[in-house]
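Enquirer: Structure file final37.txt, compact mmCIF, C-alpha atoms, is pasted below:
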# COMPACT_ATOMS: atom_id res chain seq x y z
CA MET A 1247 126.79 20.78 81.42
CA GLY A 1248 126.65 17.05 80.58
CA ASN A 1249 124.77 14.36 82.40
CA PHE A 1250 126.77 12.96 85.31
CA ALA A 1251 125.10 9.69 86.33
CA TYR A 1252 128.39 7.76 86.50
CA GLU A 1253 130.19 10.64 88.17
CA THR A 1254 127.46 10.99 90.82
CA ALA A 1255 127.60 7.26 91.55
CA TYR A 1256 131.39 7.38 91.84
CA TYR A 1257 131.32 10.39 94.16
CA ASP A 1258 128.66 8.67 96.29
CA LEU A 1259 130.83 5.58 96.72
CA CYS A 1260 133.91 7.68 97.51
CA GLY A 1261 131.91 9.76 99.98
CA ILE A 1262 130.63 6.73 101.87
CA ALA A 1263 134.18 5.32 102.06
CA TYR A 1264 135.48 8.71 103.20
CA LEU A 1265 132.99 8.97 106.06
CA ILE A 1266 132.92 5.38 107.21
CA ARG A 1267 136.70 5.21 107.60
CA LEU A 1268 136.46 7.83 110.32
CA LYS A 1269 138.82 7.37 113.25
CA ASP A 1270 139.32 9.06 116.63
CA ASN A 1271 135.66 9.92 117.15
CA GLU A 1272 134.14 8.36 120.24
CA LYS A 1273 130.54 9.17 119.29
CA PHE A 1274 130.65 7.69 115.78
CA PRO A 1275 130.45 3.96 116.67
CA GLN A 1276 127.70 4.54 119.23
CA VAL A 1277 125.09 6.35 117.10
CA PRO A 1278 126.06 7.92 113.71
CA VAL A 1279 127.60 4.77 112.19
CA TYR A 1280 124.27 2.94 112.02
CA SER A 1281 122.61 5.65 109.95
CA LEU A 1282 125.66 5.84 107.70
CA ALA A 1283 125.79 2.04 107.32
CA ARG A 1284 122.20 2.10 106.11
CA ASP A 1285 123.12 4.86 103.63
CA ALA A 1286 125.97 2.72 102.28
CA CYS A 1287 123.50 -0.09 101.52
CA LEU A 1288 121.13 2.45 99.97
CA ILE A 1289 123.77 3.76 97.57
CA ILE A 1290 125.11 0.32 96.59
CA TYR A 1291 121.61 -1.01 95.97
CA GLN A 1292 120.65 1.96 93.76
CA ILE A 1293 123.90 1.76 91.79
CA ASN A 1294 123.44 -1.96 91.11
CA LYS A 1295 119.82 -1.37 90.07
CA GLU A 1296 120.15 1.81 88.00
CA ILE A 1297 123.76 1.90 86.81
CA PHE A 1298 124.31 -1.85 86.32
CA ASN A 1299 120.69 -2.93 85.68
CA ASN A 1300 120.92 -5.49 88.54
CA GLU A 1301 123.80 -7.23 86.79
CA TYR A 1302 125.35 -8.24 90.13
CA THR A 1303 123.80 -10.53 92.72
CA LEU A 1304 124.10 -8.79 96.07
CA ASN A 1305 123.75 -10.17 99.58
CA GLY A 1306 120.04 -9.92 100.44
CA ASN A 1307 120.84 -7.89 103.54
CA ILE A 1308 121.75 -4.92 101.34
CA LYS A 1309 118.24 -4.68 99.93
CA ASN A 1310 116.60 -5.15 103.35
CA ILE A 1311 118.77 -2.50 105.01
CA ARG A 1312 118.44 -0.14 102.02
CA HIS A 1313 114.66 -0.06 102.49
CA LYS A 1314 115.12 1.16 106.07
CA VAL A 1315 115.66 4.64 104.60
CA LYS A 1316 111.89 4.82 105.11
CA LEU A 1317 111.28 5.36 108.82
CA TYR A 1318 107.93 3.61 108.59
CA ASN A 1319 106.31 0.98 106.38
CA LYS A 1320 102.73 1.56 105.33
CA GLY A 1321 100.50 -0.93 107.13
CA ASN A 1322 103.44 -2.68 108.82
CA SER A 1323 104.36 -0.24 111.59
CA LYS A 1324 102.97 -2.49 114.33
CA GLN A 1325 104.84 -5.46 112.95
CA ILE A 1326 108.09 -3.46 112.88
CA TYR A 1327 107.71 -2.26 116.47
CA THR A 1328 106.88 -5.81 117.60
CA LYS A 1329 109.96 -7.26 115.87
CA ILE A 1330 112.21 -4.62 117.40
CA LEU A 1331 110.91 -5.35 120.89
CA GLU A 1332 111.07 -9.12 120.40
CA ASN A 1333 114.69 -8.87 119.22
CA SER A 1334 115.63 -6.73 122.23
CA ILE A 1335 114.13 -9.32 124.58
CA LYS A 1336 115.66 -12.20 122.62
CA GLN A 1337 119.15 -10.76 122.94
CA PHE A 1338 119.11 -9.54 126.52
CA GLY A 1339 116.11 -11.17 128.19
CA ASP A 1340 112.92 -9.79 129.68
CA ASP A 1341 114.21 -9.81 133.25
CA VAL A 1342 116.98 -7.20 132.87
CA ASP A 1343 117.46 -3.87 131.08
CA ASN A 1344 117.19 -4.58 127.36
CA ILE A 1345 117.19 -1.20 125.59
CA GLY A 1346 120.18 1.13 125.41
CA LEU A 1347 119.87 4.90 125.33
CA PHE A 1348 122.58 7.41 124.39
CA LEU A 1349 122.81 10.85 125.99
CA ASP A 1350 124.80 13.98 125.24
CA ASN A 1351 124.92 16.48 128.10
CA GLY A 1352 121.71 15.00 129.43
CA MET A 1353 119.90 15.12 126.07
CA LEU A 1354 118.64 11.92 124.45
CA VAL A 1355 120.37 11.48 121.08
CA GLY A 1356 119.80 7.86 120.13
CA SER A 1357 118.93 4.33 121.16
CA THR A 1358 119.45 0.69 120.27
CA ILE A 1359 115.96 0.84 118.75
CA PHE A 1360 117.59 2.21 115.57
CA HIS A 1361 120.21 -0.59 115.55
CA GLN A 1362 117.43 -3.17 115.77
CA TYR A 1363 115.42 -1.41 113.07
CA ILE A 1364 118.07 -1.59 110.37
CA TYR A 1365 118.93 -5.21 111.21
CA ILE A 1366 115.42 -6.72 111.40
CA ASP A 1367 114.64 -9.05 108.48
CA THR A 1368 118.36 -9.72 107.97
CA ASP A 1369 120.48 -12.71 108.99
CA ILE A 1370 122.74 -10.46 111.08
CA LEU A 1371 120.67 -10.61 114.26
CA LYS A 1372 121.04 -13.68 116.44
CA SER A 1373 120.27 -14.22 120.13
CA ASN A 1374 123.79 -13.25 121.25
CA PRO A 1375 124.89 -9.57 121.05
CA ARG A 1376 128.54 -10.55 120.52
CA ILE A 1377 127.60 -12.75 117.57
CA ASN A 1378 125.50 -9.89 116.19
CA GLN A 1379 128.46 -7.54 116.37
CA SER A 1380 130.70 -10.06 114.61
CA ASN A 1381 128.06 -10.66 111.93
CA ALA A 1382 127.63 -6.92 111.39
CA LEU A 1383 131.39 -6.39 111.01
CA ASP A 1384 131.64 -9.22 108.50
CA PHE A 1385 128.69 -7.88 106.53
CA PHE A 1386 130.00 -4.33 106.34
CA LYS A 1387 133.43 -5.59 105.28
CA TYR A 1388 131.55 -7.17 102.38
CA VAL A 1389 129.77 -3.85 101.74
CA GLY A 1390 133.16 -2.12 101.59
CA GLU A 1391 134.46 -4.68 99.11
CA ILE A 1392 131.41 -4.24 96.89
CA ALA A 1393 131.80 -0.46 97.03
CA PHE A 1394 135.43 -0.78 95.92
CA SER A 1395 134.50 -3.15 93.07
CA PHE A 1396 131.69 -0.89 91.86
CA ALA A 1397 133.94 2.17 92.04
CA GLU A 1398 136.61 0.49 89.91
CA ILE A 1399 134.05 -0.40 87.23
CA ILE A 1400 132.34 3.01 87.23
CA LYS A 1401 135.63 4.91 87.09
CA GLU A 1402 136.14 3.65 83.53
CA GLU A 1403 133.00 5.56 82.50
CA VAL A 1404 133.75 8.82 84.34
CA LYS A 1405 134.29 11.81 82.03
CA PHE A 1406 136.83 13.74 84.09
CA ASP A 1407 139.74 13.09 86.43
CA VAL A 1408 138.72 11.77 89.84
CA PRO A 1409 140.85 10.52 92.74
CA PRO A 1410 141.40 6.75 92.87
CA PHE A 1411 138.98 5.09 95.29
CA GLU A 1412 141.80 3.47 97.29
CA LEU A 1413 143.43 6.89 97.86
CA ILE A 1414 140.33 8.54 99.33
CA PRO A 1415 141.40 10.04 102.70
CA THR A 1416 139.66 9.36 105.99
CA PHE A 1417 137.20 11.83 107.46
CA SER A 1418 139.09 13.89 110.05
CA TYR A 1419 136.75 14.52 112.98
CA LEU A 1420 138.44 14.51 116.35
CA ASP A 1421 136.10 13.87 119.27
CA ASN A 1422 137.39 12.35 122.49
CA PHE A 1423 134.05 12.34 124.29
CA SER A 1424 131.61 9.47 123.92
CA TYR A 1425 127.88 9.63 124.49
CA LYS A 1426 126.76 8.54 127.93
CA ALA A 1427 125.07 5.15 127.79
CA LYS A 1428 121.99 4.38 129.86
CA ASP A 1429 120.24 1.01 129.86
CA ILE A 1430 116.56 0.67 130.67
CA HIS A 1431 113.90 -2.02 130.66
CA HIS A 1432 111.51 -1.77 127.73
CA SER A 1433 108.55 -1.35 130.10
CA GLN A 1434 109.80 2.16 130.91
CA LEU A 1435 109.50 3.12 127.26
CA TYR A 1436 106.74 0.94 125.86
CA LYS A 1437 103.30 0.49 127.36
CA GLU A 1438 100.39 -1.83 126.56
CA ASP A 1439 98.87 0.35 123.83
CA ASP A 1440 100.22 -0.74 120.42
CA THR A 1441 99.42 2.53 118.65
CA SER A 1442 101.33 4.53 121.24
CA ASN A 1443 104.27 2.13 120.99
CA VAL A 1444 104.34 2.45 117.20
CA VAL A 1445 104.56 6.25 117.52
CA ILE A 1446 107.28 6.00 120.19
CA THR A 1447 109.34 3.77 117.90
CA ARG A 1448 108.97 6.09 114.93
CA LEU A 1449 109.90 9.13 117.01
CA LEU A 1450 113.06 7.41 118.27
CA LEU A 1451 114.06 6.58 114.69
CA ILE A 1452 113.53 10.24 113.74
CA LEU A 1453 115.65 11.36 116.69
CA GLN A 1454 118.62 9.25 115.62
CA GLU A 1455 118.51 10.62 112.07
CA ALA A 1456 118.43 14.15 113.50
CA THR A 1457 121.45 13.32 115.66
CA PHE A 1458 123.39 12.12 112.62
CA CYS A 1459 122.68 15.35 110.73
CA LEU A 1460 123.76 17.57 113.63
CA TRP A 1461 126.84 15.42 114.27
CA LEU A 1462 127.92 15.49 110.60
CA GLN A 1463 127.58 19.26 110.26
CA GLN A 1464 129.97 19.76 113.17
CA GLY A 1465 132.71 17.85 111.34
CA VAL A 1466 132.43 19.45 107.90
CA SER A 1467 134.65 22.32 106.82
CA PHE A 1468 132.70 24.59 104.49
CA ASN A 1469 135.53 27.14 104.12
CA ASN A 1470 136.73 25.86 100.77
CA ASP A 1471 136.31 27.29 97.29
CA ASP A 1472 136.47 23.79 95.77
CA ILE A 1473 133.85 21.08 96.15
CA THR A 1474 135.04 18.64 98.79
CA LEU A 1475 133.75 15.18 99.70
CA ASP A 1476 132.59 16.25 103.14
CA MET A 1477 130.60 19.18 101.71
CA TYR A 1478 129.17 16.97 98.97
CA MET A 1479 128.14 14.17 101.36
CA ALA A 1480 126.72 16.56 103.95
CA VAL A 1481 124.25 17.97 101.40
CA ARG A 1482 123.64 14.54 99.87
CA LEU A 1483 122.79 12.69 103.08
CA ILE A 1484 121.22 15.44 105.18
CA SER A 1485 118.75 16.38 102.44
CA ILE A 1486 117.66 12.75 102.06
CA LYS A 1487 117.18 12.43 105.81
CA ALA A 1488 115.27 15.69 106.04
CA ASP A 1489 112.76 14.50 103.45
CA GLU A 1490 112.33 11.11 105.12
CA VAL A 1491 112.07 12.55 108.65
CA MET A 1492 109.40 15.02 107.63
CA ASP A 1493 107.55 12.43 105.56
CA ASN A 1494 107.39 10.30 108.70
CA LEU A 1495 106.08 13.16 110.84
CA VAL A 1496 103.45 14.20 108.29
CA ASN A 1497 102.34 10.58 107.88
CA MET A 1498 101.84 10.27 111.65
CA ARG A 1499 99.84 13.49 111.74
CA LYS A 1500 97.58 12.13 108.98
CA PHE A 1501 97.15 8.46 109.91
CA LEU A 1502 97.84 8.44 113.67
CA LYS A 1503 96.06 11.72 114.28
CA ASP A 1504 94.88 11.21 117.88
CA GLU A 1505 98.25 10.01 119.11
CA PHE A 1506 100.12 12.68 117.17
CA ASP A 1507 97.86 15.45 118.51
CA LYS A 1508 98.34 14.21 122.07
CA ILE A 1509 102.12 14.29 121.78
CA ASP A 1510 102.14 17.55 119.81
CA GLN A 1511 100.00 19.23 122.47
CA ALA A 1512 102.27 17.91 125.23
CA CYS A 1513 105.18 19.53 123.36
CA ASN A 1514 103.49 22.94 122.97
CA ARG A 1515 102.64 22.20 119.33
CA GLU A 1516 106.32 22.19 118.41
CA PHE A 1517 105.89 19.42 115.85
CA THR A 1518 103.25 21.43 114.01
CA LYS A 1519 105.61 24.43 114.03
CA ILE A 1520 108.43 22.32 112.62
CA ILE A 1521 106.21 20.93 109.86
CA ASN A 1522 104.98 24.41 108.92
CA SER A 1523 108.50 25.83 108.91
CA TYR A 1524 109.78 22.97 106.75
CA ASN A 1525 106.91 23.32 104.27
CA GLN A 1526 107.57 27.05 103.89
CA GLU A 1527 111.36 27.05 103.85
CA LEU A 1528 112.73 23.69 102.72
CA LYS A 1529 110.23 21.16 101.40
CA SER A 1530 110.59 21.80 97.68
CA GLU A 1531 114.40 21.93 97.81
CA CYS A 1532 114.78 18.82 99.98
CA LYS A 1533 112.31 16.82 97.89
CA LEU A 1534 114.24 17.76 94.76
CA LEU A 1535 117.53 16.74 96.38
CA ARG A 1536 116.04 13.51 97.74
CA ASN A 1537 114.79 12.51 94.28
CA PHE A 1538 118.38 12.69 93.04
CA LEU A 1539 118.80 9.48 95.00
CA HIS A 1540 118.11 7.88 91.60
CA TYR A 1541 120.73 7.87 88.86
CA ASN A 1542 119.27 9.24 85.63
CA PHE A 1543 120.93 8.91 82.24
CA LYS A 1544 118.51 11.28 80.51
CA GLU A 1545 118.17 14.14 82.95
CA GLU A 1546 120.09 15.93 85.70
CA ASN A 1547 121.79 14.04 88.54
CA PHE A 1548 122.83 15.13 92.01
CA LEU A 1549 126.42 16.01 91.05
CA ASP A 1550 125.25 18.10 88.06
CA PHE A 1551 122.84 19.99 90.29
CA PHE A 1552 125.36 20.39 93.11
CA ILE A 1553 128.07 21.81 90.83
CA SER A 1554 125.60 24.23 89.27
CA LYS A 1555 124.28 25.47 92.63
CA THR A 1556 127.79 25.87 94.02
CA LYS A 1557 128.84 27.94 91.00
CA GLU A 1558 125.85 30.21 91.60
CA ASP A 1559 126.56 30.47 95.32
CA ARG A 1560 129.79 29.17 96.83
CA ASN A 1561 128.05 29.07 100.23
CA TYR A 1562 125.24 26.80 99.01
CA SER A 1563 126.45 23.73 100.95
CA GLU A 1564 126.81 25.52 104.24
CA GLU A 1565 123.51 27.37 103.81
CA ILE A 1566 121.32 24.37 102.95
CA VAL A 1567 122.86 22.14 105.63
CA GLY A 1568 122.59 24.89 108.23
CA LYS A 1569 119.00 25.63 107.26
CA VAL A 1570 117.90 21.97 107.49
CA ASN A 1571 119.51 21.53 110.87
CA PHE A 1572 118.29 24.87 112.24
CA CYS A 1573 114.68 24.49 111.03
CA VAL A 1574 114.23 20.74 111.43
CA MET A 1575 116.89 18.61 113.09
CA GLU A 1576 117.85 20.78 116.03
CA PRO A 1577 114.28 21.57 117.16
CA ILE A 1578 113.23 17.93 116.66
CA SER A 1579 116.18 16.77 118.75
CA GLN A 1580 115.36 19.17 121.57
CA VAL A 1581 111.62 18.47 121.58
CA LEU A 1582 112.01 14.69 121.53
CA SER A 1583 114.66 14.72 124.24
CA GLN A 1584 112.34 16.73 126.48
CA TYR A 1585 109.35 14.56 125.60
CA PHE A 1586 111.00 11.26 126.49
CA ALA A 1587 112.39 12.69 129.77
CA VAL A 1588 114.97 9.92 130.16
CA GLU A 1589 116.23 11.42 133.41
CA ARG A 1590 113.11 9.96 135.00
CA MET A 1591 113.87 6.47 133.71
CA LYS A 1592 115.87 4.21 135.99
CA SER A 1593 118.54 1.68 135.14
CA MET A 1594 118.70 -1.55 137.11
CA SER A 1595 121.52 -1.96 139.58
CA ASP A 1596 123.88 -4.91 139.18
CA TRP A 1597 122.19 -6.54 142.17
CA GLU A 1598 118.74 -6.15 140.62
CA LYS A 1599 119.97 -7.74 137.39
CA VAL A 1600 121.51 -10.70 139.24
CA ARG A 1601 118.41 -11.17 141.39
CA ASN A 1602 116.05 -11.01 138.41
CA ARG A 1603 118.14 -13.44 136.39
CA LEU A 1604 118.28 -15.89 139.30
CA VAL A 1605 114.50 -15.73 139.65
CA THR A 1606 114.16 -16.49 135.94
CA LEU A 1607 116.50 -19.47 136.21
CA PHE A 1608 114.66 -20.85 139.23
CA LYS A 1609 111.32 -20.56 137.40
CA LYS A 1610 112.73 -22.54 134.48
CA VAL A 1611 113.94 -25.27 136.84
CA TYR A 1612 110.57 -25.57 138.59
CA LYS A 1613 108.72 -25.83 135.26
CA ARG A 1614 110.57 -29.02 134.41
Translate this file's structure into structure tokens.
Expert:
Amino acid sequence: MGNFAYETAYYDLCGIAYLIRLKDNEKFPQVPVYSLARDACLIIYQINKEIFNNEYTLNGNIKNIRHKVKLYNKGNSKQIYTKILENSIKQFGDDVDNIGLFLDNGMLVGSTIFHQYIYIDTDILKSNPRINQSNALDFFKYVGEIAFSFAEIIKEEVKFDVPPFELIPTFSYLDNFSYKAKDIHHSQLYKEDDTSNVVITRLLLILQEATFCLWLQQGVSFNNDDITLDMYMAVRLISIKADEVMDNLVNMRKFLKDEFDKIDQACNREFTKIINSYNQELKSECKLLRNFLHYNFKEENFLDFFISKTKEDRNYSEEIVGKVNFCVMEPISQVLSQYFAVERMKSMSDWEKVRNRLVTLFKKVYKR
């Protein structure tokens, strides 16, 4: 089999377009889209760097969002948590609920912490949520245009027939039920201890990645003898997220040992069990798949590997995705939902919000 660097890049661009065009799914714009949007920046950045040798000047937001594939930054975790909290307060104020949570049948599945995380250090975030939304839409329209342009260039180098980028279908995933939204004040989540708050932030980022993986698996049809875009992208993205999620957990166990042990013990050592299970069952495979994030003109690429594994075992896609979610994402989701116990957190009533905002306004007047 030949080397498929161009083909892998083209399939990646088509797969992102396929997923992000999803319609008629109420959950997608609430939680999964943010993880996928980050993945789109990741793929475009790597293609420009490794396929085109940085020939094209990209909007700086692409690089900043691409690096959010890491769920922590060595030595900068406190700074990241602080920026996320400051942005939440800047947008909504400190006198009303300023963090959004998303629930599915009572289970915590995501939060606006992840939204803030991917947008910090970009020019997308302003002090007005509506402006932020408009800025984000404009930026991701640009991302879509770049993806189309890159696909058109790469297609000229592809060795076999591939579908035209503009004819890629939309991901069919009908879901009429949205997540339940619950707003809380940051003081119900974050306390005065910075180390604890860093861990809380990193756990919430992990939770949202787990939610994406579980959500995506539910929409993929594995009953196909041919390689399809949804099968391809499920293995591509879920393996990357598995490696990053577990890298984050292991890093916390090593460098935030006291805090990790306290949380792990409160959760009946479930995190330790998940780490051990991953190391035994999945680590080597997921690390191999994650390293295919890079496009290599001398050695094997993700598409080469994926075709080879599927020829050996037509159920490879379903098996690896199911194994990652069963051993890692599902137990992480359940443990973190129980740990955060959001049912105990209270949202402010409309009257409380009005009263608090009036008090803030009066204080400003008296300071003059």
Enquirer: Pull the neighbourhood of (119.0, 12.7, 115.9) for me: all residues within 7 Å in file coordinates, counting all atoms listed in the file, as a compact mmCIF listing (two decimals) with C-alpha atoms, in the coordinates of the input.
Expert:
# COMPACT_ATOMS: atom_id res chain seq x y z
CA VAL A 1355 120.37 11.48 121.08
CA GLY A 1356 119.80 7.86 120.13
CA ILE A 1452 113.53 10.24 113.74
CA LEU A 1453 115.65 11.36 116.69
CA GLN A 1454 118.62 9.25 115.62
CA GLU A 1455 118.51 10.62 112.07
CA ALA A 1456 118.43 14.15 113.50
CA THR A 1457 121.45 13.32 115.66
CA PHE A 1458 123.39 12.12 112.62
CA CYS A 1459 122.68 15.35 110.73
CA MET A 1575 116.89 18.61 113.09
CA SER A 1579 116.18 16.77 118.75
Enquirer: I'd like to know which of A:Ile1414, A:Asn1322, A:Ile1578, A:Arg1560 is closest to Leu1495 in chain A, using all atoms listed in the file.
Expert: A:Ile1578
Enquirer: If you take only C-alpha atoms and a cut-off of 12 Å, which residues of range 1392-1418 of chain A touch range 1302-1313 of chain A, and what are their nearest atom pairs and distances in Å to one decimal, in chain and number order, as CSV?
Expert:
residue,atom,partner,partner_atom,distance
A:Ile1392,CA,A:Leu1304,CA,8.6
A:Ala1393,CA,A:Leu1304,CA,11.4
A:Ser1395,CA,A:Tyr1302,CA,10.9
A:Phe1396,CA,A:Tyr1302,CA,9.9
Enquirer: What does the structure give for the distance between CA of Phe1552 in chain A and CA of Asn1470 in chain A, in Å to one decimal?
Expert: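 CA of Asn1470 in chain A lies at a distance of 14.8 Å from CA of Phe1552 in chain A.
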Enquirer: Point out the residue among A:Thr1358, A:Ser1373, A:Asn1381, A:Asn1561 with the least atom-to-atom distance to Leu1451 in chain A, counting only C-alpha atoms.
Expert: A:Thr1358
Enquirer: I'd like to know which of A:Cys1260, A:Val1466, A:Ile1364, A:Leu1331 is closest to Asn1344 in chain A, using all atoms listed in the file.
Expert: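 For Asn1344 in chain A, the nearest of the given residues is A:Leu1331.
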Enquirer: Please list as a list in words every residue within 8 Å of Met1594 in chain A, counting only C-alpha atoms and excluding residues in the same chain fewer than 6 positions away.
Expert: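 Selected residues are Val1342, Asp1343, Asp1429 and Ile1430 of chain A.
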Enquirer: Distance CA of His1540 in chain A-CA of Phe1386 in chain A, one decimal place?
Expert: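 A separation of 22.5 Å between them.
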Enquirer: Using the structure block above, produce a file of range 1564-1572 of chain A that contains all heavy atoms, as a PDB file, in the first residue's frame.
Expert:
ATOM      1  N   GLU A1564     -16.177  -0.197  14.700  1.00  0.00           N
ATOM      2  CA  GLU A1564     -17.165  -0.352  15.768  1.00  0.00           C
ATOM      3  C   GLU A1564     -16.507  -0.842  17.054  1.00  0.00           C
ATOM      4  O   GLU A1564     -16.851  -0.392  18.151  1.00  0.00           O
ATOM      5  CB  GLU A1564     -18.246  -1.329  15.323  1.00  0.00           C
ATOM      6  CG  GLU A1564     -19.393  -1.451  16.318  1.00  0.00           C
ATOM      7  CD  GLU A1564     -20.530  -2.284  15.763  1.00  0.00           C
ATOM      8  OE1 GLU A1564     -20.326  -2.988  14.746  1.00  0.00           O
ATOM      9  OE2 GLU A1564     -21.641  -2.227  16.338  1.00  0.00           O
ATOM     10  N   GLU A1565     -15.546  -1.750  16.908  1.00  0.00           N
ATOM     11  CA  GLU A1565     -14.912  -2.337  18.098  1.00  0.00           C
ATOM     12  C   GLU A1565     -14.050  -1.324  18.845  1.00  0.00           C
ATOM     13  O   GLU A1565     -14.117  -1.217  20.067  1.00  0.00           O
ATOM     14  CB  GLU A1565     -14.082  -3.555  17.691  1.00  0.00           C
ATOM     15  CG  GLU A1565     -14.949  -4.748  17.299  1.00  0.00           C
ATOM     16  CD  GLU A1565     -14.144  -5.896  16.716  1.00  0.00           C
ATOM     17  OE1 GLU A1565     -12.908  -5.727  16.554  1.00  0.00           O
ATOM     18  OE2 GLU A1565     -14.741  -6.940  16.385  1.00  0.00           O
ATOM     19  N   ILE A1566     -13.232  -0.550  18.133  1.00  0.00           N
ATOM     20  CA  ILE A1566     -12.340   0.386  18.815  1.00  0.00           C
ATOM     21  C   ILE A1566     -13.124   1.540  19.418  1.00  0.00           C
ATOM     22  O   ILE A1566     -12.854   1.988  20.541  1.00  0.00           O
ATOM     23  CB  ILE A1566     -11.217   0.893  17.872  1.00  0.00           C
ATOM     24  CG1 ILE A1566     -10.183   1.711  18.661  1.00  0.00           C
ATOM     25  CG2 ILE A1566     -11.767   1.706  16.720  1.00  0.00           C
ATOM     26  CD1 ILE A1566      -9.368   0.931  19.642  1.00  0.00           C
ATOM     27  N   VAL A1567     -14.119   2.045  18.699  1.00  0.00           N
ATOM     28  CA  VAL A1567     -14.959   3.125  19.229  1.00  0.00           C
ATOM     29  C   VAL A1567     -15.733   2.645  20.452  1.00  0.00           C
ATOM     30  O   VAL A1567     -15.790   3.323  21.488  1.00  0.00           O
ATOM     31  CB  VAL A1567     -15.937   3.650  18.148  1.00  0.00           C
ATOM     32  CG1 VAL A1567     -17.025   4.521  18.765  1.00  0.00           C
ATOM     33  CG2 VAL A1567     -15.178   4.431  17.081  1.00  0.00           C
ATOM     34  N   GLY A1568     -16.320   1.451  20.337  1.00  0.00           N
ATOM     35  CA  GLY A1568     -17.075   0.906  21.466  1.00  0.00           C
ATOM     36  C   GLY A1568     -16.202   0.660  22.677  1.00  0.00           C
ATOM     37  O   GLY A1568     -16.606   0.917  23.823  1.00  0.00           O
ATOM     38  N   LYS A1569     -14.980   0.197  22.438  1.00  0.00           N
ATOM     39  CA  LYS A1569     -14.062  -0.105  23.536  1.00  0.00           C
ATOM     40  C   LYS A1569     -13.629   1.172  24.259  1.00  0.00           C
ATOM     41  O   LYS A1569     -13.592   1.227  25.491  1.00  0.00           O
ATOM     42  CB  LYS A1569     -12.836  -0.834  22.987  1.00  0.00           C
ATOM     43  CG  LYS A1569     -12.117  -1.704  24.003  1.00  0.00           C
ATOM     44  CD  LYS A1569     -11.086  -2.577  23.301  1.00  0.00           C
ATOM     45  CE  LYS A1569     -10.443  -3.545  24.279  1.00  0.00           C
ATOM     46  NZ  LYS A1569      -9.442  -4.404  23.612  1.00  0.00           N
ATOM     47  N   VAL A1570     -13.307   2.226  23.500  1.00  0.00           N
ATOM     48  CA  VAL A1570     -12.915   3.503  24.104  1.00  0.00           C
ATOM     49  C   VAL A1570     -14.047   4.061  24.947  1.00  0.00           C
ATOM     50  O   VAL A1570     -13.843   4.494  26.094  1.00  0.00           O
ATOM     51  CB  VAL A1570     -12.503   4.525  23.020  1.00  0.00           C
ATOM     52  CG1 VAL A1570     -12.402   5.927  23.619  1.00  0.00           C
ATOM     53  CG2 VAL A1570     -11.178   4.126  22.381  1.00  0.00           C
ATOM     54  N   ASN A1571     -15.230   4.047  24.396  1.00  0.00           N
ATOM     55  CA  ASN A1571     -16.355   4.617  25.133  1.00  0.00           C
ATOM     56  C   ASN A1571     -16.745   3.771  26.343  1.00  0.00           C
ATOM     57  O   ASN A1571     -17.089   4.305  27.404  1.00  0.00           O
ATOM     58  CB  ASN A1571     -17.557   4.809  24.208  1.00  0.00           C
ATOM     59  CG  ASN A1571     -17.425   6.058  23.357  1.00  0.00           C
ATOM     60  OD1 ASN A1571     -16.607   6.928  23.646  1.00  0.00           O
ATOM     61  ND2 ASN A1571     -18.223   6.156  22.307  1.00  0.00           N
ATOM     62  N   PHE A1572     -16.665   2.448  26.203  1.00  0.00           N
ATOM     63  CA  PHE A1572     -17.037   1.567  27.310  1.00  0.00           C
ATOM     64  C   PHE A1572     -16.017   1.631  28.443  1.00  0.00           C
ATOM     65  O   PHE A1572     -16.382   1.648  29.623  1.00  0.00           O
ATOM     66  CB  PHE A1572     -17.175   0.120  26.812  1.00  0.00           C
ATOM     67  CG  PHE A1572     -17.545  -0.858  27.896  1.00  0.00           C
ATOM     68  CD1 PHE A1572     -18.845  -0.941  28.363  1.00  0.00           C
ATOM     69  CD2 PHE A1572     -16.584  -1.692  28.450  1.00  0.00           C
ATOM     70  CE1 PHE A1572     -19.193  -1.840  29.367  1.00  0.00           C
ATOM     71  CE2 PHE A1572     -16.913  -2.600  29.450  1.00  0.00           C
ATOM     72  CZ  PHE A1572     -18.220  -2.665  29.916  1.00  0.00           C
TER      73      PHE A1572
END
